[in-house]
>>> print(open('upload27.tsv').read())   # TSV, C-alpha atoms
chain	number	residue	atom	x	y	z
A	1	MET	CA	49.47	-29.11	-12.19
A	2	THR	CA	51.47	-32.31	-12.03
A	3	MET	CA	54.96	-33.36	-12.95
A	4	ASN	CA	53.40	-35.00	-16.03
A	5	ASN	CA	52.82	-31.51	-17.41
A	6	PRO	CA	54.83	-31.39	-20.69
A	7	MET	CA	55.81	-27.78	-20.07
A	8	VAL	CA	57.31	-28.63	-16.70
A	9	SER	CA	59.26	-31.44	-18.38
A	10	LEU	CA	60.56	-29.00	-21.00
A	11	LEU	CA	61.65	-26.53	-18.31
A	12	THR	CA	63.26	-29.15	-16.07
A	13	ASP	CA	65.06	-30.85	-18.97
A	14	ASN	CA	66.59	-27.54	-20.16
A	15	LYS	CA	67.95	-25.91	-17.01
A	16	LEU	CA	68.87	-22.24	-17.12
A	17	SER	CA	72.55	-21.93	-17.97
A	18	GLY	CA	72.73	-18.27	-18.93
A	19	ALA	CA	73.27	-18.79	-22.63
A	20	ASN	CA	69.76	-20.20	-22.97
A	21	PHE	CA	68.04	-17.44	-20.96
A	22	VAL	CA	66.08	-15.95	-23.88
A	23	LYS	CA	64.69	-19.35	-24.91
A	24	LEU	CA	63.94	-20.32	-21.33
A	25	LYS	CA	62.13	-17.01	-20.74
A	26	GLU	CA	60.00	-17.70	-23.82
A	27	ASN	CA	59.18	-21.18	-22.50
A	28	ILE	CA	58.25	-19.83	-19.08
A	29	ASN	CA	56.01	-17.23	-20.70
A	30	ILE	CA	54.33	-19.96	-22.78
A	31	ALA	CA	53.81	-22.08	-19.65
A	32	LEU	CA	52.33	-19.09	-17.82
A	33	ILE	CA	50.00	-18.34	-20.73
A	34	GLY	CA	48.83	-21.94	-20.62
A	35	GLU	CA	48.15	-21.62	-16.90
A	36	ASN	CA	46.51	-18.16	-17.26
A	37	ALA	CA	49.21	-16.78	-14.98
A	38	LEU	CA	51.31	-14.51	-17.21
A	39	PHE	CA	49.77	-11.43	-15.59
A	40	VAL	CA	51.89	-11.90	-12.44
A	41	LEU	CA	54.94	-10.74	-14.39
A	42	THR	CA	53.31	-7.43	-15.30
A	43	GLU	CA	50.73	-6.62	-12.63
A	44	GLU	CA	51.49	-5.15	-9.23
A	45	VAL	CA	51.08	-7.36	-6.18
A	46	PRO	CA	47.61	-6.72	-4.77
A	47	GLU	CA	47.43	-5.74	-1.12
A	48	GLN	CA	46.54	-8.42	1.37
A	49	PRO	CA	42.78	-8.01	1.87
A	50	GLY	CA	41.54	-7.25	5.35
A	51	GLU	CA	38.85	-9.19	7.17
A	52	ASN	CA	36.17	-6.79	5.96
A	53	ALA	CA	37.23	-6.97	2.29
A	54	THR	CA	34.64	-7.88	-0.29
A	55	LYS	CA	34.54	-11.32	-1.81
A	56	PRO	CA	35.80	-10.08	-5.24
A	57	VAL	CA	38.79	-8.37	-3.58
A	58	LYS	CA	39.64	-11.54	-1.67
A	59	LYS	CA	39.16	-13.65	-4.81
A	60	ASN	CA	41.43	-11.33	-6.84
A	61	PHE	CA	44.17	-11.61	-4.21
A	62	GLU	CA	43.84	-15.40	-4.10
A	63	ARG	CA	43.94	-15.59	-7.92
A	64	TRP	CA	47.12	-13.48	-8.02
A	65	HIS	CA	48.73	-15.45	-5.19
A	66	ASN	CA	48.00	-18.84	-6.85
A	67	ALA	CA	49.25	-17.60	-10.24
A	68	ASN	CA	52.41	-16.22	-8.62
A	69	ASN	CA	53.08	-19.59	-6.98
A	70	LYS	CA	52.68	-21.34	-10.36
A	71	ALA	CA	55.06	-18.88	-11.99
A	72	ARG	CA	57.63	-19.33	-9.21
A	73	TYR	CA	57.26	-23.11	-9.55
A	74	PHE	CA	57.95	-22.97	-13.28
A	75	MET	CA	60.94	-20.68	-12.76
A	76	MET	CA	62.46	-22.65	-9.91
A	77	SER	CA	61.96	-25.91	-11.85
A	78	SER	CA	64.03	-24.48	-14.67
A	79	MET	CA	67.01	-23.36	-12.56
A	80	VAL	CA	70.26	-25.01	-11.64
A	81	ASP	CA	70.72	-25.55	-7.89
A	82	THR	CA	72.80	-22.41	-7.28
A	83	LEU	CA	70.06	-20.21	-8.73
A	84	LYS	CA	67.37	-22.11	-6.83
A	85	ILE	CA	69.20	-21.34	-3.59
A	86	ARG	CA	69.58	-17.68	-4.55
A	87	PHE	CA	65.85	-17.24	-5.28
A	88	ALA	CA	64.38	-19.71	-2.78
A	89	ASN	CA	62.99	-16.99	-0.52
A	90	THR	CA	61.97	-14.56	-3.26
A	91	LEU	CA	58.26	-13.93	-2.99
A	92	THR	CA	57.29	-12.72	-6.45
A	93	ALA	CA	57.84	-14.22	-9.87
A	94	ALA	CA	58.19	-10.73	-11.37
A	95	TYR	CA	61.18	-9.99	-9.11
A	96	ILE	CA	62.81	-13.30	-10.02
A	97	MET	CA	62.35	-12.61	-13.75
A	98	ASN	CA	63.75	-9.08	-13.38
A	99	GLN	CA	66.81	-10.42	-11.55
A	100	LEU	CA	67.36	-13.15	-14.14
A	101	SER	CA	67.06	-10.56	-16.91
A	102	GLU	CA	69.71	-8.46	-15.22
A	103	LEU	CA	71.97	-11.48	-14.71
A	104	PHE	CA	71.64	-13.07	-18.13
A	105	GLY	CA	69.89	-10.62	-20.44
A	106	MET	CA	72.78	-8.15	-20.47
A	107	ALA	CA	75.21	-10.88	-21.47
A	108	SER	CA	73.12	-11.58	-24.56
A	109	ASP	CA	72.90	-7.89	-25.40
A	110	GLN	CA	76.65	-7.48	-24.93
A	111	ALA	CA	77.42	-10.51	-27.08
A	112	TRP	CA	75.12	-9.21	-29.83
A	113	PHE	CA	76.81	-5.81	-29.64
A	114	GLU	CA	80.28	-7.38	-29.97
A	115	VAL	CA	79.25	-9.49	-32.97
A	116	THR	CA	77.68	-6.48	-34.69
A	117	LYS	CA	80.71	-4.31	-33.94
A	118	ASN	CA	83.09	-6.92	-35.32
A	119	PHE	CA	80.96	-7.33	-38.45
A	120	ILE	CA	80.79	-3.59	-39.08
A	121	ASN	CA	84.50	-3.08	-38.49
A	122	ALA	CA	85.64	-6.06	-40.55
A	123	GLN	CA	88.10	-5.03	-43.27
A	124	MET	CA	89.86	-6.98	-45.93
A	125	LYS	CA	93.58	-7.35	-45.55
A	126	PRO	CA	95.71	-6.29	-48.50
A	127	HIS	CA	95.90	-9.03	-51.17
A	128	GLN	CA	93.29	-11.15	-49.33
A	129	ASN	CA	90.95	-13.26	-51.40
A	130	VAL	CA	87.37	-11.88	-51.28
A	131	ARG	CA	85.96	-15.36	-50.71
A	132	ASP	CA	88.26	-15.95	-47.72
A	133	HIS	CA	87.35	-12.56	-46.28
A	134	LEU	CA	83.61	-13.24	-46.54
A	135	LEU	CA	83.96	-16.64	-44.94
>>> encode(input="upload27.tsv", output="structure tokens")
Amino acid sequence: MTMNNPMVSLLTDNKLSGANFVKLKENINIALIGENALFVLTEEVPEQPGENATKPVKKNFERWHNANNKARYFMMSSMVDTLKIRFANTLTAAYIMNQLSELFGMASDQAWFEVTKNFINAQMKPHQNVRDHLL
């Protein structure tokens, strides 16, 4: 994975600003699919294998750890500096995504709710032109 990766360029050129969270989340998911790493957002962290662990157990842990690092890299690349500082020591990509969803996802839901509420409650004023009201 190099900085010439077009997905990294897309993420770094469109830093997370809050309003673009949904689109950025989609782009991160696409990048993780391309890197076969999307599973780190949904699967539990495997336990650190002991010295006597089998090769497949060790390989599974290493696979998860490498995919998690890629996911964190994509996420951190897409953040403004204040968010990078906030999540710099966060160990799992899933936790970062959950926190970002709490920070920015609710704002989108709230904005959608307000728009829908205003649309539903819109009423024509007496003697108002229908065209003006619809616009």
>>> closest_residue(input="upload27.tsv", among="A:Leu24, A:Asn129, A:Leu41, A:Gln48", to="Thr12 in chain A", atoms="all atoms listed in the file")
A:Leu24
>>> closest_residue(input="upload27.tsv", among="A:Tyr73, A:Tyr95, A:Trp64, A:Phe87", to="Asn36 in chain A", atoms="all atoms listed in the file")
A:Trp64
>>> atom_distance(input="upload27.tsv", atom1="CA of Asn27 in chain A", atom2="CA of Arg72 in chain A")
13.5 Å
>>> closest_residue(input="upload27.tsv", among="A:Glu26, A:Asp132, A:Glu102, A:Glu35", to="Asn66 in chain A", atoms="all atoms listed in the file")
A:Glu35
>>> closest_residue(input="upload27.tsv", among="A:Arg63, A:Met124, A:Lys23, A:Phe74", to="Pro6 in chain A", atoms="all atoms listed in the file")
A:Phe74
>>> closest_residue(input="upload27.tsv", among="A:Ile120, A:Ala88, A:Met75, A:Val40", to="Asn60 in chain A", atoms="only C-alpha atoms")
A:Val40
>>> closest_residue(input="upload27.tsv", among="A:Lys55, A:Asn29, A:Leu83, A:His127", to="Phe104 in chain A", atoms="only C-alpha atoms")
A:Leu83
